[in-house]
$ cat input.tsv   # TSV, C-alpha atoms
chain	number	residue	atom	x	y	z
A	1428	MET	CA	-74.90	-36.67	-35.50
A	1429	SER	CA	-72.71	-37.88	-38.32
A	1430	ASP	CA	-69.07	-36.91	-38.38
A	1431	SER	CA	-68.25	-38.33	-41.79
A	1432	LEU	CA	-66.54	-36.03	-44.26
A	1433	SER	CA	-68.47	-34.57	-47.16
A	1434	GLU	CA	-67.24	-33.73	-50.65
A	1435	ASP	CA	-68.09	-30.05	-50.60
A	1436	ASP	CA	-64.71	-28.83	-49.42
A	1437	ASN	CA	-64.90	-25.79	-51.66
A	1438	GLU	CA	-67.73	-24.17	-49.76
A	1439	ALA	CA	-66.61	-20.83	-48.49
A	1440	GLY	CA	-67.71	-21.28	-44.92
A	1441	ALA	CA	-66.14	-24.67	-44.58
A	1442	LYS	CA	-62.91	-23.34	-46.07
A	1443	ARG	CA	-62.90	-20.31	-43.78
A	1444	ALA	CA	-63.17	-22.46	-40.72
A	1445	THR	CA	-60.40	-24.86	-41.71
A	1446	ASP	CA	-58.03	-22.71	-43.76
A	1447	SER	CA	-55.70	-22.17	-40.87
A	1448	LEU	CA	-54.42	-25.71	-40.79
A	1449	PRO	CA	-53.01	-27.68	-39.12
A	1450	ALA	CA	-56.20	-28.59	-37.37
A	1451	ARG	CA	-56.26	-30.30	-34.02
A	1452	PHE	CA	-58.92	-32.88	-33.28
A	1453	VAL	CA	-60.26	-33.14	-29.76
A	1454	ARG	CA	-62.64	-35.66	-28.21
A	1455	ILE	CA	-64.55	-34.39	-25.24
A	1456	PRO	CA	-66.58	-36.67	-22.98
A	1457	SER	CA	-70.31	-36.38	-23.45
A	1458	ILE	CA	-72.36	-34.06	-21.30
A	1459	ALA	CA	-73.91	-37.11	-19.68
A	1460	GLU	CA	-70.51	-38.50	-18.69
A	1461	ARG	CA	-69.45	-35.18	-17.24
A	1462	LYS	CA	-72.71	-34.70	-15.37
A	1463	LEU	CA	-72.93	-38.21	-13.99
A	1464	GLY	CA	-69.21	-38.68	-13.44
A	1465	ARG	CA	-69.29	-42.09	-15.08
A	1466	ASP	CA	-69.73	-43.77	-18.46
A	1467	TYR	CA	-73.19	-43.35	-19.85
A	1468	THR	CA	-74.93	-45.09	-22.71
A	1469	ALA	CA	-78.40	-43.91	-23.55
A	1470	PRO	CA	-81.00	-46.68	-23.85
A	1471	ILE	CA	-81.64	-47.55	-27.48
A	1472	ARG	CA	-85.39	-47.01	-27.24
A	1473	LEU	CA	-87.01	-43.75	-26.36
A	1474	ASP	CA	-89.05	-44.15	-23.21
A	1475	PRO	CA	-92.70	-44.52	-24.33
A	1476	ARG	CA	-93.93	-43.02	-21.03
A	1477	VAL	CA	-91.93	-39.88	-21.76
A	1478	LEU	CA	-93.25	-39.65	-25.30
A	1479	ASP	CA	-96.77	-40.05	-23.95
A	1480	GLN	CA	-96.19	-37.24	-21.46
A	1481	MET	CA	-94.84	-35.01	-24.23
A	1482	GLN	CA	-97.88	-35.75	-26.39
A	1483	LYS	CA	-100.16	-34.84	-23.49
A	1484	THR	CA	-98.26	-31.58	-23.12
A	1485	ILE	CA	-98.90	-30.75	-26.76
A	1486	LYS	CA	-102.59	-31.56	-26.41
A	1487	THR	CA	-102.79	-29.25	-23.40
A	1488	LEU	CA	-101.16	-26.41	-25.35
A	1489	ALA	CA	-103.12	-27.05	-28.55
A	1490	ALA	CA	-106.30	-25.23	-27.54
A	1491	THR	CA	-104.39	-22.09	-26.61
A	1492	TYR	CA	-102.33	-22.35	-29.77
A	1493	LYS	CA	-105.41	-22.57	-31.96
A	1494	GLU	CA	-106.67	-19.29	-30.49
A	1495	THR	CA	-103.29	-17.71	-31.14
A	1496	LEU	CA	-103.27	-19.06	-34.67
A	1497	VAL	CA	-106.71	-17.66	-35.47
A	1498	GLY	CA	-105.49	-14.27	-34.23
A	1499	GLN	CA	-102.28	-14.50	-36.25
A	1500	ILE	CA	-104.15	-15.32	-39.46
A	1501	ALA	CA	-106.61	-12.50	-38.84
A	1502	SER	CA	-103.69	-10.13	-38.40
A	1503	LEU	CA	-102.29	-11.18	-41.80
A	1504	LEU	CA	-105.32	-10.00	-43.78
A	1505	PRO	CA	-104.81	-6.23	-43.28
A	1506	LEU	CA	-101.13	-6.61	-44.27
A	1507	ILE	CA	-101.80	-8.05	-47.74
A	1508	GLU	CA	-101.95	-4.89	-49.83
A	1509	ALA	CA	-99.12	-3.03	-48.11
A	1510	GLY	CA	-97.05	-6.20	-47.86
A	1511	SER	CA	-97.29	-6.95	-51.55
A	1512	ALA	CA	-96.75	-3.32	-52.62
A	1513	ASP	CA	-93.23	-2.89	-51.25
A	1514	ALA	CA	-90.63	-4.54	-49.08
A	1515	GLY	CA	-91.29	-2.44	-46.01
A	1516	GLU	CA	-92.48	-3.08	-42.50
A	1517	ALA	CA	-95.79	-4.67	-43.56
A	1518	ARG	CA	-94.04	-7.26	-45.72
A	1519	SER	CA	-91.59	-8.02	-42.97
A	1520	ARG	CA	-94.42	-8.45	-40.46
A	1521	LEU	CA	-96.41	-10.60	-42.88
A	1522	TYR	CA	-93.45	-12.88	-43.50
A	1523	SER	CA	-92.64	-13.09	-39.82
A	1524	ILE	CA	-96.16	-14.28	-38.92
A	1525	ALA	CA	-96.28	-16.76	-41.81
A	1526	HIS	CA	-92.85	-18.04	-40.75
A	1527	ASP	CA	-94.12	-18.56	-37.23
A	1528	VAL	CA	-97.18	-20.47	-38.48
A	1529	ARG	CA	-95.00	-22.59	-40.77
A	1530	GLY	CA	-92.89	-23.67	-37.81
A	1531	LEU	CA	-95.59	-24.41	-35.28
A	1532	ALA	CA	-98.87	-25.45	-36.86
A	1533	GLY	CA	-97.66	-28.94	-37.74
A	1534	THR	CA	-96.64	-29.69	-34.17
A	1535	PHE	CA	-100.22	-29.08	-33.04
A	1536	GLY	CA	-101.75	-31.37	-35.65
A	1537	LEU	CA	-102.51	-28.65	-38.19
A	1538	ALA	CA	-100.04	-29.81	-40.80
A	1539	ILE	CA	-102.02	-28.47	-43.74
A	1540	VAL	CA	-102.02	-24.97	-42.23
A	1541	GLY	CA	-98.27	-25.26	-41.83
A	1542	ASN	CA	-98.01	-26.38	-45.46
A	1543	PHE	CA	-99.99	-23.36	-46.69
A	1544	ALA	CA	-97.71	-21.14	-44.61
A	1545	ARG	CA	-94.66	-22.92	-46.00
A	1546	SER	CA	-95.87	-22.25	-49.54
A	1547	LEU	CA	-96.46	-18.59	-48.71
A	1548	CYS	CA	-93.03	-18.20	-47.10
A	1549	GLY	CA	-91.39	-19.90	-50.09
A	1550	TYR	CA	-93.18	-17.51	-52.45
A	1551	MET	CA	-92.07	-14.49	-50.42
A	1552	GLU	CA	-88.48	-15.74	-50.14
A	1553	LYS	CA	-88.09	-16.28	-53.89
A	1554	HIS	CA	-89.88	-13.21	-55.24
A	1555	THR	CA	-89.39	-9.49	-54.81
A	1556	ASP	CA	-92.47	-8.47	-56.81
A	1557	LEU	CA	-95.38	-10.00	-54.95
A	1558	ASP	CA	-98.90	-10.56	-56.20
A	1559	SER	CA	-101.47	-9.62	-53.55
A	1560	MET	CA	-103.91	-12.18	-54.94
A	1561	ILE	CA	-101.49	-15.05	-54.36
A	1562	ILE	CA	-100.86	-13.89	-50.81
A	1563	ARG	CA	-104.59	-13.49	-50.16
A	1564	PHE	CA	-105.38	-16.98	-51.46
A	1565	HIS	CA	-102.75	-18.47	-49.16
A	1566	ILE	CA	-104.04	-16.62	-46.12
A	1567	GLU	CA	-107.65	-17.54	-46.87
A	1568	ALA	CA	-106.64	-21.16	-47.28
A	1569	MET	CA	-104.91	-21.03	-43.88
A	1570	ARG	CA	-107.94	-19.40	-42.30
A	1571	ASP	CA	-110.37	-21.93	-43.77
A	1572	ALA	CA	-108.18	-24.85	-42.73
A	1573	VAL	CA	-108.31	-23.65	-39.11
A	1574	THR	CA	-111.90	-22.49	-38.82
A	1575	ASP	CA	-113.60	-24.83	-41.25
A	1576	PRO	CA	-111.28	-27.77	-41.87
A	1577	ALA	CA	-112.08	-29.84	-44.94
A	1578	PRO	CA	-113.45	-33.28	-44.01
A	1579	ASP	CA	-111.38	-34.74	-46.82
A	1580	SER	CA	-107.61	-34.19	-46.61
A	1581	ASN	CA	-107.38	-34.68	-50.38
A	1582	LEU	CA	-109.30	-31.44	-50.82
A	1583	ALA	CA	-106.77	-29.55	-48.70
A	1584	ASP	CA	-103.92	-31.14	-50.63
A	1585	GLU	CA	-105.55	-30.12	-53.90
A	1586	THR	CA	-105.87	-26.56	-52.62
A	1587	LEU	CA	-102.16	-26.57	-51.82
A	1588	ARG	CA	-101.30	-27.85	-55.29
A	1589	SER	CA	-103.51	-25.13	-56.81
A	1590	LEU	CA	-101.62	-22.47	-54.87
A	1591	GLU	CA	-98.31	-23.90	-56.04
A	1592	ARG	CA	-99.56	-23.89	-59.64
A	1593	LEU	CA	-100.60	-20.27	-59.19
A	1594	ILE	CA	-97.07	-19.38	-58.11
A	1595	ASP	CA	-95.63	-21.32	-61.06
A	1596	ALA	CA	-97.94	-19.46	-63.44
A	1597	ALA	CA	-96.86	-16.13	-61.94
A	1598	ASP	CA	-93.23	-17.14	-62.48
A	1599	ILE	CA	-93.92	-17.90	-66.14
A	1600	ASP	CA	-95.68	-14.55	-66.56
A	1601	ALA	CA	-92.78	-12.77	-64.90
A	1602	ARG	CA	-90.28	-14.44	-67.23
A	1603	SER	CA	-92.42	-13.69	-70.29
A	1604	PHE	CA	-92.86	-10.01	-69.52
A	1605	GLY	CA	-89.79	-9.45	-67.37
B	1124	MET	CA	-95.86	-32.74	-14.70
B	1125	SER	CA	-92.86	-34.73	-15.85
B	1126	ALA	CA	-93.00	-38.40	-16.77
B	1127	PRO	CA	-91.32	-41.10	-14.66
B	1128	LEU	CA	-87.96	-41.77	-16.30
B	1129	ALA	CA	-85.32	-44.40	-15.85
B	1130	SER	CA	-83.40	-43.12	-12.84
B	1131	GLU	CA	-80.13	-42.43	-14.65
B	1132	GLU	CA	-81.83	-40.43	-17.38
B	1133	ALA	CA	-83.99	-38.65	-14.82
B	1134	GLU	CA	-80.90	-37.75	-12.82
B	1135	LEU	CA	-79.26	-36.43	-15.94
B	1136	PHE	CA	-82.22	-34.41	-17.15
B	1137	ALA	CA	-82.82	-32.93	-13.70
B	1138	THR	CA	-79.39	-31.31	-13.74
B	1139	LEU	CA	-79.37	-30.26	-17.39
B	1140	ARG	CA	-79.30	-26.54	-18.16
B	1141	VAL	CA	-80.82	-25.56	-21.50
B	1142	LEU	CA	-80.86	-22.21	-23.27
B	1143	ILE	CA	-83.63	-21.70	-25.86
B	1144	VAL	CA	-83.13	-18.90	-28.38
B	1145	ASP	CA	-86.21	-18.17	-30.48
B	1146	ASP	CA	-88.09	-15.02	-31.44
B	1147	SER	CA	-91.43	-16.84	-31.37
B	1148	ALA	CA	-93.03	-16.70	-27.93
B	1149	GLU	CA	-95.23	-19.65	-28.92
B	1150	MET	CA	-92.22	-21.74	-29.91
B	1151	CYS	CA	-90.46	-20.92	-26.65
B	1152	ARG	CA	-93.55	-21.85	-24.68
B	1153	LEU	CA	-93.81	-25.16	-26.56
B	1154	LEU	CA	-90.15	-26.06	-26.09
B	1155	VAL	CA	-90.15	-25.15	-22.41
B	1156	ALA	CA	-93.25	-27.30	-21.86
B	1157	LEU	CA	-91.78	-30.25	-23.76
B	1158	LEU	CA	-88.51	-30.00	-21.83
B	1159	GLU	CA	-90.46	-29.88	-18.57
B	1160	ALA	CA	-92.24	-33.06	-19.65
B	1161	LEU	CA	-88.79	-34.60	-19.89
B	1162	GLY	CA	-87.94	-33.41	-16.38
B	1163	ILE	CA	-85.67	-30.61	-17.61
B	1164	VAL	CA	-86.58	-27.56	-15.56
B	1165	ASN	CA	-83.40	-25.45	-15.71
B	1166	VAL	CA	-84.39	-23.64	-18.89
B	1167	VAL	CA	-84.04	-20.02	-19.92
B	1168	CYS	CA	-85.21	-18.31	-23.10
B	1169	ALA	CA	-83.81	-15.49	-25.20
B	1170	PRO	CA	-85.63	-13.80	-28.11
B	1171	ASN	CA	-82.64	-13.38	-30.48
B	1172	GLY	CA	-78.95	-14.08	-30.93
B	1173	ASP	CA	-77.81	-10.97	-29.06
B	1174	ALA	CA	-79.81	-11.85	-26.01
B	1175	GLY	CA	-78.81	-15.47	-26.49
B	1176	LEU	CA	-75.10	-14.62	-26.20
B	1177	LYS	CA	-75.77	-12.67	-23.04
B	1178	ARG	CA	-77.73	-15.56	-21.56
B	1179	PHE	CA	-75.00	-17.95	-22.66
B	1180	SER	CA	-72.49	-16.00	-20.57
B	1181	GLU	CA	-74.72	-15.60	-17.55
B	1182	PHE	CA	-76.52	-18.93	-17.43
B	1183	ASP	CA	-73.70	-21.25	-18.56
B	1184	PRO	CA	-76.00	-23.80	-20.22
B	1185	ASP	CA	-75.14	-27.41	-21.14
B	1186	LEU	CA	-77.10	-27.22	-24.39
B	1187	ILE	CA	-78.52	-24.57	-26.71
B	1188	ILE	CA	-81.65	-24.96	-28.81
B	1189	THR	CA	-81.84	-22.11	-31.29
B	1190	ASP	CA	-83.91	-20.85	-34.18
B	1191	GLY	CA	-82.12	-19.76	-37.36
B	1192	ASP	CA	-83.83	-16.57	-38.54
B	1193	MET	CA	-83.96	-13.86	-35.92
B	1194	GLN	CA	-83.36	-10.13	-35.70
B	1195	PRO	CA	-81.08	-8.33	-35.02
B	1196	MET	CA	-78.72	-11.29	-34.63
B	1197	ASP	CA	-79.68	-14.69	-36.04
B	1198	GLY	CA	-78.87	-18.14	-34.72
B	1199	TYR	CA	-76.05	-18.69	-37.24
B	1200	GLU	CA	-74.12	-15.60	-36.15
B	1201	MET	CA	-74.71	-16.40	-32.50
B	1202	THR	CA	-73.27	-19.89	-33.03
B	1203	ARG	CA	-70.33	-18.47	-34.98
B	1204	ARG	CA	-69.50	-16.15	-32.10
B	1205	ILE	CA	-69.75	-18.96	-29.57
B	1206	ARG	CA	-67.34	-21.06	-31.65
B	1207	ALA	CA	-64.95	-18.22	-32.48
B	1208	VAL	CA	-61.53	-18.61	-30.97
B	1209	HIS	CA	-60.40	-14.99	-30.99
B	1210	ALA	CA	-60.60	-13.25	-27.66
B	1211	GLY	CA	-63.56	-10.96	-27.34
B	1212	GLU	CA	-65.76	-12.98	-29.66
B	1213	THR	CA	-66.41	-15.77	-27.20
B	1214	PRO	CA	-68.57	-14.40	-24.45
B	1215	GLY	CA	-69.38	-17.61	-22.64
B	1216	ARG	CA	-67.68	-20.39	-20.83
B	1217	ASN	CA	-68.23	-23.56	-22.84
B	1218	ARG	CA	-67.51	-22.95	-26.52
B	1219	ASP	CA	-67.90	-26.67	-27.23
B	1220	ILE	CA	-71.53	-26.68	-26.16
B	1221	PRO	CA	-73.88	-28.66	-28.43
B	1222	VAL	CA	-76.08	-26.33	-30.47
B	1223	LEU	CA	-79.33	-27.75	-31.85
B	1224	MET	CA	-80.80	-25.57	-34.55
B	1225	VAL	CA	-84.58	-25.84	-34.99
B	1226	SER	CA	-85.50	-24.15	-38.24
B	1227	GLY	CA	-88.28	-23.95	-40.79
B	1228	HIS	CA	-85.71	-23.94	-43.59
B	1229	VAL	CA	-84.56	-27.16	-45.17
B	1230	GLY	CA	-82.58	-25.91	-48.18
B	1231	ARG	CA	-78.98	-26.98	-48.76
B	1232	ASP	CA	-77.64	-23.42	-48.37
B	1233	THR	CA	-79.27	-22.98	-45.00
B	1234	VAL	CA	-78.19	-26.32	-43.60
B	1235	THR	CA	-74.61	-26.04	-44.85
B	1236	ARG	CA	-74.42	-22.53	-43.42
B	1237	ALA	CA	-75.55	-23.88	-40.06
B	1238	ARG	CA	-72.91	-26.60	-40.27
B	1239	ASN	CA	-70.16	-24.15	-41.23
B	1240	GLU	CA	-70.93	-21.87	-38.30
B	1241	GLY	CA	-70.69	-24.77	-35.86
B	1242	VAL	CA	-74.24	-26.03	-35.37
B	1243	THR	CA	-74.16	-29.57	-33.94
B	1244	ASP	CA	-77.52	-30.88	-35.09
B	1245	TYR	CA	-80.33	-29.56	-37.28
B	1246	ILE	CA	-84.03	-30.19	-36.72
B	1247	VAL	CA	-86.57	-29.09	-39.30
B	1248	LYS	CA	-89.82	-27.63	-37.98
B	1249	PRO	CA	-92.42	-28.75	-37.14
B	1250	VAL	CA	-90.93	-30.28	-34.03
B	1251	THR	CA	-92.38	-33.55	-32.80
B	1252	PRO	CA	-91.91	-35.01	-29.31
B	1253	GLY	CA	-90.05	-38.04	-30.68
B	1254	LEU	CA	-87.67	-35.94	-32.76
B	1255	LEU	CA	-86.89	-33.52	-29.95
B	1256	TYR	CA	-86.39	-36.25	-27.35
B	1257	GLU	CA	-84.19	-38.30	-29.69
B	1258	ARG	CA	-81.95	-35.42	-30.78
B	1259	LEU	CA	-81.66	-33.98	-27.29
B	1260	ARG	CA	-80.61	-37.33	-25.93
B	1261	ALA	CA	-78.12	-37.78	-28.77
B	1262	ALA	CA	-76.64	-34.35	-28.02
B	1263	ILE	CA	-76.01	-35.11	-24.37
B	1264	ALA	CA	-75.08	-38.79	-24.61
B	1265	THR	CA	-72.64	-38.57	-27.52
B	1266	PRO	CA	-68.96	-37.67	-27.01
B	1267	ILE	CA	-68.22	-34.29	-28.57
B	1268	HIS	CA	-65.77	-34.32	-31.47
B	1269	ILE	CA	-64.15	-30.94	-31.97
B	1270	VAL	CA	-61.85	-29.62	-34.66
B	1271	GLU	CA	-59.67	-26.70	-33.62
B	1272	THR	CA	-57.84	-24.35	-35.96
B	1273	ALA	CA	-56.35	-20.90	-35.42
B	1274	ASP	CA	-59.73	-19.21	-35.69
B	1275	TYR	CA	-62.35	-21.91	-35.14
B	1276	ARG	CA	-63.19	-24.51	-32.56
B	1277	GLY	CA	-66.30	-26.62	-32.97
B	1278	PRO	CA	-67.85	-29.56	-34.81
B	1279	SER	CA	-66.06	-30.23	-38.10
B	1280	PRO	CA	-67.42	-27.93	-40.79
B	1281	LYS	CA	-66.53	-30.61	-43.34
B	1282	ARG	CA	-68.76	-33.27	-41.90
B	1283	ARG	CA	-72.16	-34.14	-43.30
B	1284	LEU	CA	-75.00	-32.55	-41.38
B	1285	THR	CA	-78.36	-34.25	-41.47
B	1286	ALA	CA	-81.50	-32.12	-41.41
B	1287	ARG	CA	-83.88	-34.18	-39.28
B	1288	ALA	CA	-87.51	-33.86	-40.33
B	1289	ILE	CA	-90.75	-35.69	-39.70
B	1290	ASP	CA	-91.14	-36.37	-43.41
B	1291	GLY	CA	-87.64	-37.82	-43.76
B	1292	ASP	CA	-84.04	-36.82	-43.11
B	1293	ARG	CA	-81.95	-34.95	-45.65
B	1294	GLN	CA	-78.16	-35.15	-45.59
B	1295	TYR	CA	-75.97	-32.23	-46.74

$ encode --input "input.tsv" --output "structure tokens"
Amino acid sequence: MSDSLSEDDNEAGAKRATDSLPARFVRIPSIAERKLGRDYTAPIRLDPRVLDQMQKTIKTLAATYKETLVGQIASLLPLIEAGSADAGEARSRLYSIAHDVRGLAGTFGLAIVGNFARSLCGYMEKHTDLDSMIIRFHIEAMRDAVTDPAPDSNLADETLRSLERLIDAADIDARSFG
Amino acid sequence: MSAPLASEEAELFATLRVLIVDDSAEMCRLLVALLEALGIVNVVCAPNGDAGLKRFSEFDPDLIITDGDMQPMDGYEMTRRIRAVHAGETPGRNRDIPVLMVSGHVGRDTVTRARNEGVTDYIVKPVTPGLLYERLRAAIATPIHIVETADYRGPSPKRRLTARAIDGDRQY
């Protein structure tokens, strides 16, 4: 946690919080010091036994998560048309599921699925007029990456780049005809 | 089952109280399990900022791990209310509590907003065991530096906040 000052003093939020100067600076003992009642310095290295235990925990949860993920992706497919047509409940639900996948898939070793979801979320965040084909291609890529993962990661990466190019092309079209 | 820890750290983690605020049941399940692996068992979850504030008051946690985007109240607004000085806006006991935001967003606007509302540390999803363990330990082992004005008390909103991610940190 860095406490160094940045140059962006003009940002509204930062100004709001510090407008009412003078400010008072307070140093509070760490939680560890308060809990233990004595000075505490964390070891420099993370305990490898703990990391190993955490990895085992993730492996234990991974099988259940994969089932959940397959269900989530299946639930995206019926939302495509309604979700791309207008910004109603279906779009909100579609985004919410994709957002969930974006955040979790990578933790369980399905980084490419998370990357497809990230691309889909980015598309939905930046556009109000959505193309159902672009959404469908993303969802199908996510589905295939879970159920029939490509043996070659380069192929998955190329699929991701193709989706990004598709979004770029849609942007150009929108600017041309917008 | 939790791992055998150095006794001091084990002692510390055993007494730690953590509030998780996330609208994803899967994410909550993951975080609870990872904290249990660390020996942290005093953990409660809330599905959004509203519920998070209520839990904050009732549970009196030592640390909050929160998502950003949630409905009806998001993690930014929840943190703002925890840090707010004015009476009635601060529902809990420890306004200076470290708040770790775990978010899928990595854009400058999002991270600076988190910083301005009083978020202590920012972790970009996906979470990895190493990242979570490291940032959690930093949050509890580091003295807390607070700036207090007439209407704000929390980490300096003018500091740089680093978004910690598995593919590299980004400083804003």

$ residues_around --input "input.tsv" --residues "Tyr1550 in chain A" --least-positions-apart "6" --cutoff "9 Å" --atoms "all atoms listed in the file" --output "PyMOL selection string"
chain A and resi 1557+1561-1562+1591+1594

$ write_last_selection --input "input.tsv" --atoms "C-alpha atoms" --output "CSV table (one decimal), in the frame of the given file"
chain,number,residue,atom,x,y,z
A,1557,LEU,CA,-95.4,-10.0,-55.0
A,1561,ILE,CA,-101.5,-15.0,-54.4
A,1562,ILE,CA,-100.9,-13.9,-50.8
A,1591,GLU,CA,-98.3,-23.9,-56.0
A,1594,ILE,CA,-97.1,-19.4,-58.1

$ residues_around --input "input.tsv" --residues "Ile1143 in chain B" --least-positions-apart "2" --cutoff "7 Å" --atoms "all atoms listed in the file" --output "JSON, numbers by chain"
{"B": [1141, 1145, 1151, 1167, 1168, 1169, 1187, 1188, 1189]}

$ axis_aligned_box --input "input.tsv" --around "range 1160-1175 of chain B" --padding-each-side "3 Å" --output "JSON"
{"center_x": -85.0, "center_y": -22.8, "center_z": -23.2, "size_x": 20.4, "size_y": 29.6, "size_z": 21.4}

$ interface_residues --input "input.tsv" --of "chain B" --to "chain A" --cutoff "6 Å" --atoms "all atoms listed in the file" --output "ChimeraX atom specification"
/B:1126,1157,1160,1227,1239,1248-1252,1263-1273,1275,1280-1283

$ residues_around --input "input.tsv" --residues "Gly1175 in chain B" --least-positions-apart "6" --cutoff "12 Å" --atoms "all atoms listed in the file" --output "PDB file with C-alpha atoms, keeping the file's coordinate frame"
ATOM      1  CA  VAL B1141     -80.820 -25.560 -21.500  1.00  0.00           C
ATOM      2  CA  LEU B1142     -80.860 -22.210 -23.270  1.00  0.00           C
ATOM      3  CA  ILE B1143     -83.630 -21.700 -25.860  1.00  0.00           C
ATOM      4  CA  VAL B1144     -83.130 -18.900 -28.380  1.00  0.00           C
ATOM      5  CA  ASP B1145     -86.210 -18.170 -30.480  1.00  0.00           C
ATOM      6  CA  ASP B1146     -88.090 -15.020 -31.440  1.00  0.00           C
ATOM      7  CA  VAL B1167     -84.040 -20.020 -19.920  1.00  0.00           C
ATOM      8  CA  CYS B1168     -85.210 -18.310 -23.100  1.00  0.00           C
ATOM      9  CA  ALA B1169     -83.810 -15.490 -25.200  1.00  0.00           C
ATOM     10  CA  GLU B1181     -74.720 -15.600 -17.550  1.00  0.00           C
ATOM     11  CA  PHE B1182     -76.520 -18.930 -17.430  1.00  0.00           C
ATOM     12  CA  ASP B1183     -73.700 -21.250 -18.560  1.00  0.00           C
ATOM     13  CA  PRO B1184     -76.000 -23.800 -20.220  1.00  0.00           C
ATOM     14  CA  ILE B1187     -78.520 -24.570 -26.710  1.00  0.00           C
ATOM     15  CA  ILE B1188     -81.650 -24.960 -28.810  1.00  0.00           C
ATOM     16  CA  THR B1189     -81.840 -22.110 -31.290  1.00  0.00           C
ATOM     17  CA  ASP B1190     -83.910 -20.850 -34.180  1.00  0.00           C
ATOM     18  CA  MET B1193     -83.960 -13.860 -35.920  1.00  0.00           C
ATOM     19  CA  GLN B1194     -83.360 -10.130 -35.700  1.00  0.00           C
ATOM     20  CA  PRO B1195     -81.080  -8.330 -35.020  1.00  0.00           C
ATOM     21  CA  MET B1196     -78.720 -11.290 -34.630  1.00  0.00           C
ATOM     22  CA  ASP B1197     -79.680 -14.690 -36.040  1.00  0.00           C
ATOM     23  CA  GLY B1198     -78.870 -18.140 -34.720  1.00  0.00           C
ATOM     24  CA  TYR B1199     -76.050 -18.690 -37.240  1.00  0.00           C
ATOM     25  CA  GLU B1200     -74.120 -15.600 -36.150  1.00  0.00           C
ATOM     26  CA  MET B1201     -74.710 -16.400 -32.500  1.00  0.00           C
ATOM     27  CA  THR B1202     -73.270 -19.890 -33.030  1.00  0.00           C
ATOM     28  CA  ARG B1204     -69.500 -16.150 -32.100  1.00  0.00           C
ATOM     29  CA  ILE B1205     -69.750 -18.960 -29.570  1.00  0.00           C
ATOM     30  CA  PRO B1214     -68.570 -14.400 -24.450  1.00  0.00           C
ATOM     31  CA  GLY B1215     -69.380 -17.610 -22.640  1.00  0.00           C
ATOM     32  CA  VAL B1222     -76.080 -26.330 -30.470  1.00  0.00           C
TER      33      VAL B1222
END

$ residues_around --input "input.tsv" --residues "Phe1136 in chain B" --least-positions-apart "6" --cutoff "10 Å" --atoms "all atoms listed in the file" --output "list in words"
Ala1459 and Lys1462 of chain A; Leu1128, Ser1130, Leu1158, Glu1159, Leu1161, Gly1162, Ile1163, Val1164, Asn1165, Arg1260 and Ile1263 of chain B

$ atom_distance --input "input.tsv" --atom1 "CA of Ala1262 in chain B" --atom2 "CA of Pro1221 in chain B"
6.3 Å

$ atom_distance --input "input.tsv" --atom1 "CA of Asp1244 in chain B" --atom2 "CA of Leu1223 in chain B"
4.9 Å

$ residues_around --input "input.tsv" --residues "Val1497 in chain A" --least-positions-apart "5" --cutoff "12 Å" --atoms "all atoms listed in the file" --output "list in words"
Ala1490, Thr1491, Tyr1492, Ser1502, Leu1503, Leu1504, Ile1524, Val1528, Ala1532, Val1540, Ile1566, Glu1567, Met1569, Arg1570, Asp1571, Ala1572, Val1573, Thr1574 and Asp1575 of chain A

$ closest_residue --input "input.tsv" --among "A:Ala1568, A:Arg1563, A:Ser1603, A:Ile1539" --to "Leu1506 in chain A" --atoms "all atoms listed in the file"
A:Arg1563

$ atom_distance --input "input.tsv" --atom1 "CA of Arg1287 in chain B" --atom2 "CA of Ile1246 in chain B"
4.7 Å

$ residues_near_point --input "input.tsv" --point "(-71.2, -30.3, -34.1)" --cutoff "6 Å" --atoms "only C-alpha atoms" --output "PDB file with C-alpha atoms, keeping the file's coordinate frame"
ATOM      1  CA  GLY B1241     -70.690 -24.770 -35.860  1.00  0.00           C
ATOM      2  CA  VAL B1242     -74.240 -26.030 -35.370  1.00  0.00           C
ATOM      3  CA  THR B1243     -74.160 -29.570 -33.940  1.00  0.00           C
ATOM      4  CA  PRO B1278     -67.850 -29.560 -34.810  1.00  0.00           C
TER       5      PRO B1278
END

$ decode --input "input.tsv" --residues "range 1539-1545 of chain A" --atoms "N, CA and C atoms" --output "tab-separated table (two decimals), in the first residue's frame"
chain	number	residue	atom	x	y	z
A	1539	ILE	N	-8.54	-18.40	-20.26
A	1539	ILE	CA	-9.04	-17.99	-21.58
A	1539	ILE	C	-10.55	-17.73	-21.53
A	1540	VAL	N	-11.27	-18.50	-20.72
A	1540	VAL	CA	-12.71	-18.26	-20.57
A	1540	VAL	C	-12.92	-16.88	-19.94
A	1541	GLY	N	-12.11	-16.60	-18.93
A	1541	GLY	CA	-12.19	-15.28	-18.29
A	1541	GLY	C	-11.86	-14.17	-19.27
A	1542	ASN	N	-10.92	-14.43	-20.18
A	1542	ASN	CA	-10.55	-13.41	-21.16
A	1542	ASN	C	-11.68	-13.18	-22.17
A	1543	PHE	N	-12.35	-14.26	-22.58
A	1543	PHE	CA	-13.51	-14.08	-23.47
A	1543	PHE	C	-14.60	-13.26	-22.76
A	1544	ALA	N	-14.81	-13.59	-21.48
A	1544	ALA	CA	-15.82	-12.86	-20.71
A	1544	ALA	C	-15.41	-11.39	-20.53
A	1545	ARG	N	-14.12	-11.17	-20.34
A	1545	ARG	CA	-13.62	-9.79	-20.20
A	1545	ARG	C	-13.90	-9.00	-21.48
